[in-house]
Structure formats: structure tokens, C-alpha cells
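The data block below is protein_5.cif; it holds mmCIF, C-alpha atoms.
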```
data_final
loop_
_atom_site.label_atom_id
_atom_site.label_comp_id
_atom_site.auth_asym_id
_atom_site.auth_seq_id
_atom_site.Cartn_x
_atom_site.Cartn_y
_atom_site.Cartn_z
CA MET A 11 -8.78 -30.22 6.16
CA SER A 12 -12.48 -30.27 5.19
CA SER A 13 -13.70 -32.36 2.26
CA ARG A 14 -14.75 -29.14 0.50
CA MET A 15 -11.29 -27.67 0.91
CA ALA A 16 -9.68 -30.92 -0.19
CA ARG A 17 -11.74 -31.01 -3.39
CA PHE A 18 -11.09 -27.35 -4.13
CA GLY A 19 -7.41 -27.74 -3.28
CA LEU A 20 -7.02 -30.72 -5.59
CA ASN A 21 -8.60 -28.77 -8.45
CA ALA A 22 -6.40 -25.75 -7.71
CA TYR A 23 -3.27 -27.91 -7.69
CA ARG A 24 -4.25 -29.61 -10.95
CA LEU A 25 -4.89 -26.23 -12.53
CA ALA A 26 -1.53 -24.94 -11.30
CA GLY A 27 0.29 -27.91 -12.77
CA THR A 28 -1.52 -27.55 -16.10
CA VAL A 29 -0.98 -23.84 -16.66
CA ALA A 30 2.25 -23.21 -14.75
CA SER A 31 4.61 -23.08 -17.70
CA PRO A 32 2.70 -20.73 -20.06
CA VAL A 33 1.36 -18.57 -17.23
CA VAL A 34 4.79 -18.09 -15.67
CA GLY A 35 6.37 -17.34 -19.01
CA LEU A 36 3.77 -14.73 -19.91
CA TYR A 37 3.83 -13.26 -16.39
CA ILE A 38 7.61 -12.85 -16.25
CA THR A 39 7.75 -11.44 -19.78
CA TYR A 40 5.01 -8.89 -18.98
CA ARG A 41 6.41 -7.84 -15.63
CA THR A 42 9.96 -7.48 -16.98
CA ALA A 43 8.76 -5.44 -19.95
CA LYS A 44 6.83 -3.12 -17.63
CA GLY A 45 9.86 -2.65 -15.36
CA LYS A 46 8.06 -4.32 -12.45
CA GLU A 47 10.20 -7.43 -12.28
CA ASP A 48 13.77 -7.62 -10.93
CA ARG A 49 15.46 -9.70 -13.63
CA ALA A 50 18.38 -10.64 -11.38
CA ARG A 51 16.04 -12.05 -8.72
CA ARG A 52 13.20 -13.46 -10.77
CA LEU A 53 13.91 -17.05 -9.66
CA GLU A 54 12.53 -16.00 -6.28
CA ARG A 55 9.13 -15.84 -7.97
CA PHE A 56 9.42 -19.59 -8.53
CA GLY A 57 10.18 -20.14 -4.85
CA TYR A 58 13.95 -20.49 -5.21
CA PRO A 59 15.69 -18.76 -2.26
CA SER A 60 18.48 -16.21 -2.59
CA ALA A 61 19.33 -16.03 1.12
CA ASN A 62 20.03 -18.45 3.95
CA ARG A 63 17.30 -19.42 6.38
CA PRO A 64 18.35 -18.49 9.93
CA GLN A 65 18.01 -21.06 12.68
CA GLY A 66 15.16 -20.64 15.10
CA PRO A 67 11.59 -19.36 14.79
CA LEU A 68 10.72 -17.54 11.59
CA VAL A 69 7.61 -15.52 10.73
CA TRP A 70 6.70 -14.91 7.10
CA PHE A 71 5.24 -11.46 6.40
CA HIS A 72 3.75 -10.63 3.03
CA ALA A 73 2.97 -7.10 1.85
CA ALA A 74 1.96 -6.59 -1.78
CA SER A 75 3.37 -3.14 -2.48
CA VAL A 76 4.64 0.11 -0.98
CA GLY A 77 1.60 1.06 1.10
CA GLU A 78 1.28 -2.38 2.70
CA THR A 79 5.05 -2.58 3.29
CA ASN A 80 5.05 0.75 5.10
CA ALA A 81 2.12 -0.42 7.21
CA VAL A 82 3.79 -3.64 8.42
CA ILE A 83 7.26 -2.23 9.17
CA PRO A 84 6.44 -1.20 12.78
CA LEU A 85 4.92 -4.65 13.38
CA ILE A 86 7.98 -6.38 11.91
CA ARG A 87 10.18 -4.39 14.28
CA GLU A 88 7.99 -5.46 17.19
CA ILE A 89 8.40 -9.12 16.18
CA ARG A 90 12.15 -8.69 15.82
CA ARG A 91 12.37 -7.20 19.31
CA ARG A 92 11.15 -10.59 20.50
CA ASP A 93 14.16 -12.28 18.86
CA ILE A 94 12.02 -13.90 16.15
CA HIS A 95 13.42 -13.92 12.63
CA VAL A 96 11.34 -12.37 9.84
CA ILE A 97 11.16 -12.98 6.11
CA LEU A 98 9.27 -10.29 4.22
CA THR A 99 7.94 -10.92 0.73
CA THR A 100 6.67 -8.20 -1.57
CA GLY A 101 5.57 -8.08 -5.18
CA THR A 102 7.21 -4.96 -6.62
CA ILE A 103 10.71 -3.57 -7.13
CA THR A 104 9.70 -0.38 -5.33
CA SER A 105 8.55 -2.19 -2.21
CA ALA A 106 11.78 -4.24 -2.26
CA LYS A 107 13.81 -1.03 -2.28
CA LEU A 108 11.70 0.38 0.52
CA ALA A 109 12.24 -2.75 2.62
CA ALA A 110 15.99 -2.54 2.07
CA GLU A 111 16.10 1.14 3.01
CA ARG A 112 13.90 0.98 6.09
CA LEU A 113 14.56 -2.50 7.45
CA GLY A 114 18.09 -3.30 6.33
CA GLN A 115 19.23 -6.44 8.13
CA GLU A 116 16.17 -6.53 10.39
CA ALA A 117 14.33 -8.75 7.91
CA ILE A 118 15.18 -11.04 5.00
CA HIS A 119 13.52 -9.85 1.81
CA GLN A 120 12.36 -12.14 -1.00
CA TYR A 121 9.94 -11.61 -3.87
CA VAL A 122 6.68 -13.43 -3.24
CA PRO A 123 6.40 -16.77 -5.04
CA LEU A 124 3.88 -17.04 -7.85
CA ASP A 125 0.58 -18.46 -6.65
CA LEU A 126 1.19 -21.85 -8.22
CA LYS A 127 1.65 -24.99 -6.16
CA PRO A 128 5.22 -25.79 -7.33
CA SER A 129 6.46 -22.28 -6.50
CA VAL A 130 4.63 -22.05 -3.17
CA SER A 131 5.71 -25.54 -2.09
CA ARG A 132 9.34 -24.86 -2.96
CA PHE A 133 9.22 -21.61 -0.97
CA LEU A 134 7.65 -23.28 2.08
CA ASP A 135 9.93 -26.33 1.93
CA TYR A 136 12.96 -24.09 2.23
CA TRP A 137 11.85 -21.35 4.63
CA GLN A 138 9.56 -23.47 6.85
CA PRO A 139 7.86 -20.48 8.49
CA ASP A 140 6.23 -20.98 11.87
CA CYS A 141 3.52 -18.48 11.00
CA ALA A 142 2.37 -16.49 7.95
CA ILE A 143 1.13 -12.92 8.38
CA ILE A 144 -0.43 -11.36 5.29
CA ALA A 145 -1.31 -7.67 4.97
CA GLU A 146 -4.66 -6.26 3.87
CA SER A 147 -6.44 -8.06 1.04
CA GLU A 148 -4.01 -10.60 -0.39
CA ILE A 149 -5.89 -13.89 -0.81
CA TRP A 150 -4.03 -16.29 -3.12
CA PRO A 151 -5.76 -19.69 -3.40
CA ALA A 152 -2.74 -21.97 -3.93
CA THR A 153 -0.82 -20.24 -1.13
CA VAL A 154 -3.75 -20.32 1.30
CA LEU A 155 -4.43 -24.00 0.60
CA GLU A 156 -0.80 -25.07 0.85
CA LEU A 157 -0.36 -23.25 4.16
CA GLY A 158 -3.56 -24.89 5.39
CA HIS A 159 -2.39 -28.32 4.24
CA ARG A 160 0.84 -27.86 6.24
CA ARG A 161 -1.08 -26.50 9.24
CA ILE A 162 0.96 -23.31 9.29
CA PRO A 163 -1.12 -20.58 11.00
CA GLN A 164 -1.97 -17.84 8.53
CA ILE A 165 -3.22 -14.51 9.79
CA LEU A 166 -4.62 -11.62 7.78
CA ILE A 167 -3.73 -8.28 9.35
CA ASN A 168 -4.94 -4.76 8.56
CA ALA A 169 -7.52 -6.69 6.58
CA ARG A 170 -9.97 -4.93 4.32
CA MET A 171 -12.66 -6.16 1.96
CA SER A 172 -13.76 -3.81 -0.83
CA ASP A 173 -17.36 -3.70 -2.06
CA ARG A 174 -16.36 -5.33 -5.33
CA SER A 175 -14.32 -8.11 -3.71
CA PHE A 176 -17.06 -8.85 -1.22
CA ALA A 177 -19.65 -9.16 -4.00
CA ARG A 178 -17.37 -11.49 -5.94
CA TRP A 179 -16.68 -13.75 -2.97
CA ARG A 180 -20.36 -13.88 -2.02
CA GLY A 181 -21.10 -15.06 -5.53
CA ARG A 182 -18.79 -18.04 -4.95
CA PRO A 183 -19.69 -19.15 -1.41
CA ALA A 184 -18.20 -22.66 -1.62
CA ILE A 185 -14.84 -21.37 -2.80
CA ALA A 186 -14.89 -18.52 -0.26
CA GLU A 187 -15.57 -20.88 2.63
CA ALA A 188 -12.93 -23.36 1.43
CA LEU A 189 -10.35 -20.58 1.48
CA PHE A 190 -11.35 -18.40 4.42
CA GLU A 191 -11.73 -21.32 6.82
CA ASN A 192 -7.94 -21.73 6.53
CA LEU A 193 -7.30 -18.38 8.19
CA ALA A 194 -6.35 -18.81 11.84
CA LEU A 195 -7.21 -15.17 12.57
CA VAL A 196 -8.37 -12.06 10.72
CA ILE A 197 -7.50 -8.66 12.22
CA ALA A 198 -9.67 -6.19 10.29
CA GLN A 199 -9.32 -2.46 9.75
CA SER A 200 -12.95 -1.66 10.54
CA ASP A 201 -16.13 -3.21 11.86
CA VAL A 202 -17.55 -3.31 8.33
CA ASP A 203 -14.52 -5.22 7.07
CA ALA A 204 -14.72 -7.58 10.06
CA GLU A 205 -18.37 -8.40 9.40
CA ARG A 206 -17.64 -9.13 5.76
CA PHE A 207 -14.89 -11.59 6.62
CA ARG A 208 -17.20 -13.32 9.10
CA ASP A 209 -19.90 -13.58 6.43
CA LEU A 210 -17.38 -15.31 4.17
CA GLY A 211 -16.52 -17.94 6.76
CA ALA A 212 -13.49 -16.53 8.57
CA VAL A 213 -13.26 -17.08 12.34
CA PRO A 214 -12.12 -15.60 14.61
CA VAL A 215 -12.21 -12.00 13.43
CA ILE A 216 -11.26 -8.94 15.48
CA THR A 217 -11.03 -5.22 14.67
CA SER A 218 -7.84 -3.22 15.17
CA GLY A 219 -8.12 -0.01 13.18
CA ASN A 220 -5.78 0.89 10.33
CA LEU A 221 -2.07 0.11 10.78
CA LYS A 222 -1.25 2.89 8.31
CA VAL A 223 -2.18 5.40 10.99
CA ASP A 224 0.52 4.01 13.29
CA THR A 225 3.33 4.32 10.75
CA ASP A 226 5.89 7.12 10.66
CA ALA A 227 5.31 10.00 8.28
CA PRO A 228 6.89 9.32 4.87
CA PRO A 229 10.56 10.35 4.74
CA TYR A 230 12.08 13.13 2.63
CA ASP A 231 15.43 14.64 1.67
CA SER A 232 15.73 17.88 3.64
CA ALA A 233 18.21 19.43 1.19
CA VAL A 234 15.91 18.77 -1.80
CA LEU A 235 12.92 20.13 0.11
CA ALA A 236 14.78 23.31 1.04
CA ARG A 237 15.89 23.83 -2.58
CA TYR A 238 12.37 23.45 -3.96
CA LYS A 239 10.87 25.70 -1.28
CA LYS A 240 13.38 28.41 -2.19
CA GLN A 241 12.48 28.08 -5.88
CA ILE A 242 8.74 28.22 -5.14
CA GLY A 243 9.14 31.26 -2.92
CA GLU A 244 5.83 32.93 -2.05
CA ARG A 245 3.77 31.14 -4.69
CA LYS A 246 0.71 29.25 -3.52
CA THR A 247 0.68 25.51 -4.13
CA TRP A 248 -1.73 22.60 -4.22
CA ALA A 249 -1.17 18.95 -5.08
CA ALA A 250 -3.12 16.22 -6.86
CA ILE A 251 -1.57 12.99 -5.58
CA SER A 252 -1.95 9.30 -6.44
CA THR A 253 -3.82 10.30 -9.58
CA PHE A 254 -5.26 7.90 -12.14
CA ASP A 255 -6.15 8.41 -15.80
CA GLY A 256 -8.38 11.46 -16.22
CA GLU A 257 -7.46 13.05 -12.90
CA GLU A 258 -4.29 14.68 -14.28
CA ASN A 259 -6.46 16.38 -16.88
CA ALA A 260 -8.84 17.48 -14.13
CA ALA A 261 -5.88 18.99 -12.26
CA ALA A 262 -4.83 20.81 -15.44
CA ILE A 263 -8.34 22.22 -15.87
CA VAL A 264 -8.29 23.41 -12.26
CA HIS A 265 -4.88 24.99 -12.77
CA ARG A 266 -5.91 26.88 -15.89
CA ALA A 267 -9.13 28.08 -14.21
CA LEU A 268 -7.28 29.49 -11.20
CA ARG A 269 -3.87 30.70 -12.37
CA GLU A 270 -4.94 34.23 -13.35
CA ARG A 271 -6.34 34.79 -9.84
CA ASP A 272 -4.11 32.62 -7.65
CA HIS A 273 -0.83 32.29 -9.64
CA GLN A 274 -0.43 28.88 -8.03
CA LEU A 275 1.96 26.02 -8.70
CA THR A 276 0.16 22.74 -9.25
CA ILE A 277 1.92 19.55 -8.16
CA ILE A 278 0.77 16.32 -9.84
CA VAL A 279 1.95 12.96 -8.51
CA PRO A 280 0.59 10.09 -10.63
CA ARG A 281 0.02 6.74 -8.94
CA HIS A 282 1.89 5.07 -11.81
CA PRO A 283 4.94 7.19 -12.76
CA GLU A 284 5.50 5.14 -15.92
CA ARG A 285 2.61 7.19 -17.38
CA SER A 286 4.55 10.44 -16.91
CA ASP A 287 5.68 10.91 -20.53
CA GLU A 288 2.08 10.58 -21.67
CA ILE A 289 0.89 12.94 -18.92
CA GLU A 290 3.52 15.56 -19.74
CA ALA A 291 2.67 15.47 -23.44
CA ALA A 292 -1.02 16.05 -22.67
CA LEU A 293 -0.21 18.95 -20.33
CA VAL A 294 2.16 20.61 -22.80
CA LYS A 295 -0.49 20.27 -25.51
CA GLN A 296 -2.73 22.43 -23.30
CA GLY A 297 -0.07 25.14 -23.23
CA LEU A 298 1.22 24.38 -19.74
CA LYS A 299 4.90 24.47 -18.78
CA VAL A 300 5.92 21.28 -16.95
CA ALA A 301 8.86 20.67 -14.63
CA ARG A 302 9.70 17.07 -13.76
CA ARG A 303 11.33 15.71 -10.65
CA THR A 304 13.30 13.07 -12.57
CA ARG A 305 14.90 15.82 -14.67
CA ASP A 306 15.56 17.93 -11.59
CA ASP A 307 13.95 20.86 -13.40
CA VAL A 308 13.96 24.24 -11.69
CA LEU A 309 10.57 25.39 -10.38
CA SER A 310 10.82 28.81 -11.96
CA ALA A 311 8.00 31.36 -11.75
CA ASP A 312 6.65 30.41 -15.19
CA VAL A 313 6.30 26.70 -14.38
CA ASP A 314 2.64 25.65 -14.25
CA ILE A 315 2.93 21.99 -13.25
CA PHE A 316 5.51 20.20 -11.12
CA LEU A 317 5.23 16.55 -12.17
CA GLY A 318 6.28 14.28 -9.32
CA ASP A 319 7.32 11.34 -11.50
CA THR A 320 9.19 9.35 -8.86
CA ILE A 321 8.20 6.64 -6.40
CA GLY A 322 8.94 6.87 -2.68
CA GLU A 323 9.03 10.68 -2.44
CA MET A 324 5.48 11.40 -1.33
CA GLY A 325 6.96 12.86 1.84
CA LEU A 326 8.71 15.49 -0.30
CA TYR A 327 5.70 16.39 -2.43
CA LEU A 328 3.28 16.69 0.48
CA ARG A 329 5.69 18.92 2.39
CA LEU A 330 5.60 21.41 -0.50
CA THR A 331 1.91 22.16 -0.03
CA GLU A 332 -0.96 22.41 2.46
CA ILE A 333 -3.73 21.30 0.07
CA ALA A 334 -3.96 17.78 -1.34
CA PHE A 335 -6.50 16.22 -3.67
CA VAL A 336 -6.22 12.42 -3.25
CA GLY A 337 -6.81 10.56 -6.48
CA ARG A 338 -8.44 7.38 -7.72
CA SER A 339 -11.59 9.00 -6.42
CA LEU A 340 -12.94 11.35 -9.07
CA PHE A 341 -13.04 9.15 -12.17
CA ALA A 342 -11.40 5.90 -11.09
CA GLU A 343 -12.87 3.99 -8.14
CA GLY A 344 -11.57 2.80 -4.80
CA GLY A 345 -9.69 5.81 -3.51
CA GLN A 346 -6.15 6.09 -2.20
CA ASN A 347 -4.75 6.48 1.30
CA PRO A 348 -5.67 9.91 2.78
CA LEU A 349 -3.79 9.36 6.04
CA GLU A 350 -0.35 10.48 4.83
CA PRO A 351 -1.54 13.95 3.70
CA ALA A 352 -3.51 14.29 6.93
CA MET A 353 -0.54 13.48 9.16
CA LEU A 354 1.72 15.78 7.10
CA GLY A 355 -0.54 18.81 7.54
CA CYS A 356 -2.65 19.00 4.40
CA ALA A 357 -6.29 19.96 3.97
CA ILE A 358 -7.77 17.07 1.97
CA LEU A 359 -10.05 17.08 -1.05
CA SER A 360 -11.32 13.90 -2.68
CA GLY A 361 -13.82 12.57 -5.13
CA GLY A 362 -16.59 10.37 -3.83
CA HIS A 363 -15.33 6.96 -5.01
CA VAL A 364 -13.34 5.99 -1.91
CA GLN A 365 -14.73 2.55 -1.07
CA ASN A 366 -11.32 1.06 -0.23
CA PHE A 367 -10.67 3.73 2.41
CA ARG A 368 -14.24 4.36 3.51
CA ASP A 369 -13.58 4.17 7.25
CA ALA A 370 -10.61 6.58 7.13
CA TYR A 371 -12.51 9.10 4.99
CA GLN A 372 -15.56 8.94 7.22
CA LYS A 373 -13.46 9.79 10.27
CA LEU A 374 -11.57 12.56 8.49
CA ALA A 375 -14.77 14.03 7.04
CA ARG A 376 -16.47 13.99 10.45
CA SER A 377 -13.51 15.86 11.91
CA GLY A 378 -13.75 18.52 9.20
CA SER A 379 -10.35 17.74 7.70
CA ALA A 380 -11.53 16.20 4.41
CA ARG A 381 -14.09 17.45 1.90
CA MET A 382 -15.62 15.48 -0.95
CA VAL A 383 -16.12 16.97 -4.42
CA ARG A 384 -18.49 15.76 -7.14
CA ASP A 385 -16.65 16.91 -10.25
CA THR A 386 -13.83 19.03 -11.68
CA GLU A 387 -15.74 22.28 -11.26
CA MET A 388 -16.34 21.58 -7.58
CA LEU A 389 -12.67 20.63 -7.19
CA ALA A 390 -11.61 23.97 -8.67
CA LYS A 391 -13.87 25.83 -6.27
CA GLY A 392 -12.53 23.83 -3.33
CA VAL A 393 -8.90 24.46 -4.27
CA HIS A 394 -9.50 28.19 -4.79
CA TYR A 395 -11.33 28.50 -1.47
CA LEU A 396 -8.49 26.84 0.44
CA LEU A 397 -5.80 28.82 -1.37
CA ILE A 398 -7.30 32.17 -0.38
CA ASN A 399 -8.75 31.31 3.07
CA ASP A 400 -5.86 30.76 5.47
CA ASP A 401 -8.08 30.23 8.53
CA ALA A 402 -10.25 27.60 6.85
CA ARG A 403 -7.18 25.78 5.54
CA ARG A 404 -5.46 25.81 8.93
CA ASN A 405 -8.62 24.58 10.66
CA MET A 406 -8.79 21.61 8.28
CA ILE A 407 -5.11 20.86 8.79
CA GLU A 408 -5.39 20.93 12.58
CA ALA A 409 -8.51 18.78 12.48
CA GLY A 410 -6.70 16.22 10.34
CA ILE A 411 -3.70 15.99 12.63
CA THR A 412 -6.03 15.54 15.61
CA ALA A 413 -8.10 12.91 13.81
CA VAL A 414 -5.01 10.89 12.88
CA HIS A 415 -3.82 11.01 16.48
CA GLU A 416 -7.20 9.76 17.71
CA MET A 417 -7.19 6.94 15.16
CA ARG A 418 -3.90 5.51 16.40
CA GLY A 419 -3.77 2.25 18.34
CA ALA A 420 -3.98 -0.35 15.58
CA LEU A 421 -0.42 -1.55 16.19
CA THR A 422 -1.10 -2.25 19.86
CA ALA A 423 -4.37 -4.04 19.04
CA THR A 424 -2.67 -6.11 16.32
CA VAL A 425 0.19 -7.18 18.58
CA LYS A 426 -2.32 -8.22 21.25
CA GLY A 427 -4.26 -10.28 18.70
CA LEU A 428 -1.07 -11.99 17.55
CA GLU A 429 0.15 -12.91 21.03
CA PRO A 430 -1.21 -16.51 21.06
CA TYR A 431 0.88 -17.18 17.96
CA ILE A 432 3.92 -15.03 18.72
CA ASN A 433 4.47 -15.62 22.45
CA PRO A 434 5.40 -19.34 22.05
CA LEU A 435 7.87 -18.38 19.32
CA THR A 436 9.38 -15.73 21.59
CA VAL A 437 9.98 -18.32 24.30
CA LYS A 438 11.46 -20.73 21.79
CA ALA A 439 13.73 -18.05 20.30
CA ARG A 440 15.05 -16.92 23.68
CA LEU A 441 15.83 -20.47 24.74
CA LEU A 442 18.19 -20.86 21.80
CA PRO A 443 21.91 -20.34 22.47
CA LYS A 444 22.89 -16.87 21.27
CA ALA A 445 25.40 -18.21 18.78
CA VAL A 446 22.70 -20.33 17.13
CA ALA A 447 20.01 -17.65 17.21
CA GLN A 448 22.24 -15.23 15.27
CA VAL A 449 22.99 -17.67 12.43
#
```
Let me see whether you can do it: turn the structure in this file into C-alpha cells.
Amino acid sequence: MSSRMARFGLNAYRLAGTVASPVVGLYITYRTAKGKEDRARRLERFGYPSANRPQGPLVWFHAASVGETNAVIPLIREIRRRDIHVILTTGTITSAKLAAERLGQEAIHQYVPLDLKPSVSRFLDYWQPDCAIIAESEIWPATVLELGHRRIPQILINARMSDRSFARWRGRPAIAEALFENLALVIAQSDVDAERFRDLGAVPVITSGNLKVDTDAPPYDSAVLARYKKQIGERKTWAAISTFDGEENAAAIVHRALRERDHQLTIIVPRHPERSDEIEAALVKQGLKVARRTRDDVLSADVDIFLGDTIGEMGLYLRLTEIAFVGRSLFAEGGQNPLEPAMLGCAILSGGHVQNFRDAYQKLARSGSARMVRDTEMLAKGVHYLLINDDARRNMIEAGITAVHEMRGALTATVKGLEPYINPLTVKARLLPKAVAQV
């Protein structure tokens, strides 16, 4: 441990001890009130376990939310095929449900401990992971420093560094170096991301591509899909997905501008479904008829907006259309993942603020499968053009499917990068007596 890291770590630990009680209290109260905290399992956030640690090698995976969890599932399965146990931590109820549905007994799920030394230490004392693998952009100081102090290899996979985060870290070079020097390996999504991590002091750094390209298409309920398709009939559809504040109103403006000509059904899927009551009220105020998924409303011919107010059903919503505007890009900044609509056969429209998914958008735009719009008027023109031009829409769809196929390979590259850390654990796991390894 360097003297810089030791000084920073000591300050971080002192801070954690000083603020732990009020911070935890406020955090738990806020998260529970917002429906983001599982009351029955909240002790896990303090590092208290709710499952038994299996004997033998154990790898700790952390994925913040649904997107990151989906991305690491194929990698978790690869690790499990090597007889290594896995504990997966996530931060949201939705990602916990996803892990239970898709992984079952393949991995132990726990909520991630709060980034305070007592919670992190308690978690590590019990689980004693041989390696920590963290997805994307999760850098928690107390956790990073405690793992470094215990000399547990910590690896950042599918790593990305947004413009804003990079600027912030560069403004605090001593802190950045004290943290990033603890990473045993960074496997970055793109060359730009890789260079940014190197600039901040991480070594070694390799590039893999985006793990989200190597995941399965999001699941759906075939009976529900068939029912909605029958209700929609011959109507044209388009979707505004992963929308943030202001983008639902933009979708409503587009709908009203086009409905006399195109008679389309507009599907809106907000990024945060807890905003759905507010969104519906605003749409109704504009004279629009709204059907909601949670009410199982019928998509009758007079319905203007189908509000997809559920989590985990993006596979359903995207299969109801061939045109998708991807949100957090027109008014909010950062963008959302365009790979799912591309792999599910949608022509993609997006605003220009897509810094967090720059590499994916560049590749999709170069292929002709994604088009950027400046404002609501340009979005309306883009939607109308794709609704009435079957050839143009199909060309974009085919280009997107091809582009996604060409972008695959991140899983293989990630596994190869992890081999120096995983291969010794594989040997150790397979030397254990079967009866012990299964405990």
C-alpha cells in the first residue's frame, strides 16, 4: 500500500466512522420510502449475510442495477462452469429480482454493502472472496481501499468513464491515483475509456468491447405479446423508451403532430416507472387517452399512448414496434443503451446527448441503423418518415442487426483477460472433494 493510499484510506475510514450512523439512517429511510430498498433484507446493506458461504473459491461480482446485471450474467455462468462459486451483489430490488429469475441457484445474491468501512469490512470478513469483479463505473472509495488493504484482486469489467466523471477525477489527481492504483486490471468497453483509465493511474488496462452486446435479447411473455399484437391490429407503432423528464412530453407532441396522418399508437416506457402517475396526468391533460401496462388496459383503437410502466419488460415493448427513440438523449444527458432495440429489430432514433454510450452509437450510426435528432420537430419528422417508408425502416433494422453481430466478442475477450485470476481458482475448485465443493 502506497503512503498516498494509506493517508487517503485513513481519512476515508475516519470519515466513515464519523458519519456512518446518520448517513445510514437517512439512506435507508430514503431508499425505503422510494420503494428501492428491500425492508426484509436491509441488514445486508450493513454487511450482515443472509446466506451461507460455500466452501472453496468464491468470486464476488458487483453490478449496480438491471443493465449491469444483464451484462454480467453470461460471465457469471462462465465462471460457474469452472466450478467456482459466485456471490453477486446489486443495489436495487429490480436487479435482485432479475438475478433470482435468470440465475436461480447459480449464484448467491446479496445487496451490496454501504460504502462505509464497518459495512464493507463485515461483508469481506464473512464472504472472504478470492477476487472482486465490478461492472462498468462503480468506484466506491471505502470498498476499493479495503479490498486493496486485504490484497484481494479487484477487476473492473465492461468499464466505462463518462466525460463528466473523467473531468471530476482529473480535478482530484491524488485521490484518483490512490484509488485506481488498487485495481489489478481494468477491462474497458472502448479505446477511449481505456485511455481515460490509464490517465487516472490504472494499470494494466485492456479493451474488450461492450459486454451488453454479448447478452441474450431481453425476455418476454409470448402470451402477453400475442394479446397486445391482436389488440393493436394493423395500427402503426413507435416507442419512446428509457425516457427522462421532458422526453415524455416530446413523445406526446410527436404523437399529436402525426396521428391525423399516421393513426399510430405511441408506446412510452419511462426509465423510472415511479413517475408514471405524473406522466399519465400530463398526457391526459393534453387530451390523450392513455392505457397502462400495470392496469392491463386494452389497447383499443382510440388509445393514443400505451404507457409501459413496468420494469423488466423491455423485451415486450420493443417487440411491439420497429421504431424506437432511446431516451436520456434529447433533454437529459448521457444516453441509454441502444443495443437492445438494435438486436430486437428496431430502427433507432436518438437525441445527441449520448456520452455514456458514445462508442455503441458511433458504430450503429456508421452502419446506418441509428439516426440522431436535434429537437422534437426533427424527432417527429424522423418518426413519420420511418412509419411511412417500409424500405428505409427495414434497411435500418437489418443494418442494426448486422452491426450488433459484428460488435460481439466482448465476453471472449473478458474471459481471456480474467484468466490469470480465474485459472488458479479453477484448479483449486476442482481439487476439492465433490462433497465439499457442493456445500
Please return the centre and edge lengths, in Å to one decimal, of a box with edges along x, y and z that contains all listed atoms of range 255-273 of chain A, widened by 5 Å on every side, as JSON.
```
{"center_x": -5.0, "center_y": 21.6, "center_z": -12.3, "size_x": 18.3, "size_y": 36.4, "size_z": 19.2}
```
Run the PyMOL selection byres ((chain A and resi 139) around 9) on the file and write out the hits as an mmCIF file with C-alpha atoms, in the frame of the given file.
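Final file, selection-v6.cif:
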```
data_model
loop_
_atom_site.group_PDB
_atom_site.id
_atom_site.type_symbol
_atom_site.label_atom_id
_atom_site.label_comp_id
_atom_site.auth_asym_id
_atom_site.auth_seq_id
_atom_site.Cartn_x
_atom_site.Cartn_y
_atom_site.Cartn_z
ATOM 1 C CA PRO A 67 11.590 -19.360 14.790
ATOM 2 C CA LEU A 68 10.720 -17.540 11.590
ATOM 3 C CA VAL A 69 7.610 -15.520 10.730
ATOM 4 C CA TRP A 70 6.700 -14.910 7.100
ATOM 5 C CA VAL A 96 11.340 -12.370 9.840
ATOM 6 C CA ILE A 97 11.160 -12.980 6.110
ATOM 7 C CA LEU A 134 7.650 -23.280 2.080
ATOM 8 C CA TYR A 136 12.960 -24.090 2.230
ATOM 9 C CA TRP A 137 11.850 -21.350 4.630
ATOM 10 C CA GLN A 138 9.560 -23.470 6.850
ATOM 11 C CA ASP A 140 6.230 -20.980 11.870
ATOM 12 C CA CYS A 141 3.520 -18.480 11.000
ATOM 13 C CA ALA A 142 2.370 -16.490 7.950
ATOM 14 C CA ILE A 162 0.960 -23.310 9.290
#
```
* To do: Determine, counting all atoms listed in the file, every residue of protein, DNA or RNA that lies within 9 Å of (-8.2, 14.3, -7.1) in the file coordinates, then give the result as a PyMOL selection string.
  => chain A and resi 249-254+257-258+260-261+334-341+359-361+383+386+389
Once the PyMOL selection byres ((chain A and resi 214) around 7) has been applied to the shown file, what residues remain in the selection, as a list in words?
->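 The output of the PyMOL selection byres ((chain A and resi 214) around 7) on this file is Leu195, Val196, Ala212, Val213, Val215 and Ile216 of chain A.
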Please determine, counting only C-alpha atoms, which residue among A:Ala311, A:Leu435, A:Leu124, A:Leu421 has the shortest atom-to-atom distance to Glu88 in chain A.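 Among the listed residues, the smallest separation from Glu88 in chain A belongs to A:Leu421.
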Evaluated on this file, the PyMOL selection byres ((chain A and resi 242) around 10) picks out some residues - which ones are they, written as a count of residues only? 19
With distances taken over all atoms listed in the file, the candidate from A:Leu349, A:Ala227, A:Ala342, A:Val414 nearest His363 in chain A is A:Ala342
Notebook entry, point to check: From the list A:Gln120, A:Thr331, A:Asn220, A:Ser75, which residue is nearest Leu108 in chain A when using all atoms listed in the file?
Noted result: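 Using all atoms listed in the file, Leu108 in chain A sits closest to A:Ser75.
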Item to complete: Would you mind reading off the distance between CA of His394 in chain A and CA of Ala413 in chain A, one decimal, in Å?
Response: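 According to the coordinates, CA of His394 in chain A and CA of Ala413 in chain A are separated by 24.1 Å.
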Restricting to only C-alpha atoms, whichever of A:Ile315, A:Val223, A:Leu268, A:Val437 is closest to Leu354 in chain A is A:Val223
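CA of Ile289 in chain A is found 27.4 Å from CA of Thr79 in chain A.
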Correct to one decimal, the distance CA of Gly344 in chain A-CA of Ser172 in chain A is 8.0 Å
One residue among A:Tyr58, A:Ile103, A:Arg178, A:Leu98 is nearest to Pro128 in chain A when using only C-alpha atoms, and that residue is A:Tyr58
Name the residues within 12 Å of (1.4, 22.2, -21.3), counting all atoms listed in the file in the file's coordinates, and put them as a list in words.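 I get Glu258, Asn259, Ala262, Ile263, His265, Arg266, Glu288, Ile289, Glu290, Ala291, Ala292, Leu293, Val294, Lys295, Gln296, Gly297, Leu298, Lys299, Val300, Ala301, Asp312, Val313, Asp314, Ile315, Phe316 and Leu317 of chain A for the residues within 12 Å of that point.
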Can you put N, CA, C and O atoms back into range 435-440 of chain A and show it as a tab-separated table (two decimals), keeping the file's coordinate frame?
```
chain	number	residue	atom	x	y	z
A	435	LEU	N	6.66	-18.52	20.13
A	435	LEU	CA	7.87	-18.38	19.32
A	435	LEU	C	8.91	-17.54	20.03
A	435	LEU	O	10.12	-17.77	19.91
A	436	THR	N	8.45	-16.55	20.80
A	436	THR	CA	9.38	-15.73	21.59
A	436	THR	C	10.11	-16.59	22.62
A	436	THR	O	11.34	-16.49	22.77
A	437	VAL	N	9.36	-17.43	23.31
A	437	VAL	CA	9.98	-18.32	24.30
A	437	VAL	C	10.98	-19.24	23.63
A	437	VAL	O	12.12	-19.41	24.09
A	438	LYS	N	10.59	-19.81	22.51
A	438	LYS	CA	11.46	-20.73	21.79
A	438	LYS	C	12.73	-20.01	21.32
A	438	LYS	O	13.84	-20.56	21.42
A	439	ALA	N	12.57	-18.80	20.80
A	439	ALA	CA	13.73	-18.05	20.30
A	439	ALA	C	14.69	-17.72	21.41
A	439	ALA	O	15.92	-17.80	21.24
A	440	ARG	N	14.17	-17.36	22.58
A	440	ARG	CA	15.05	-16.92	23.68
A	440	ARG	C	15.67	-18.08	24.43
A	440	ARG	O	16.59	-17.88	25.23
```
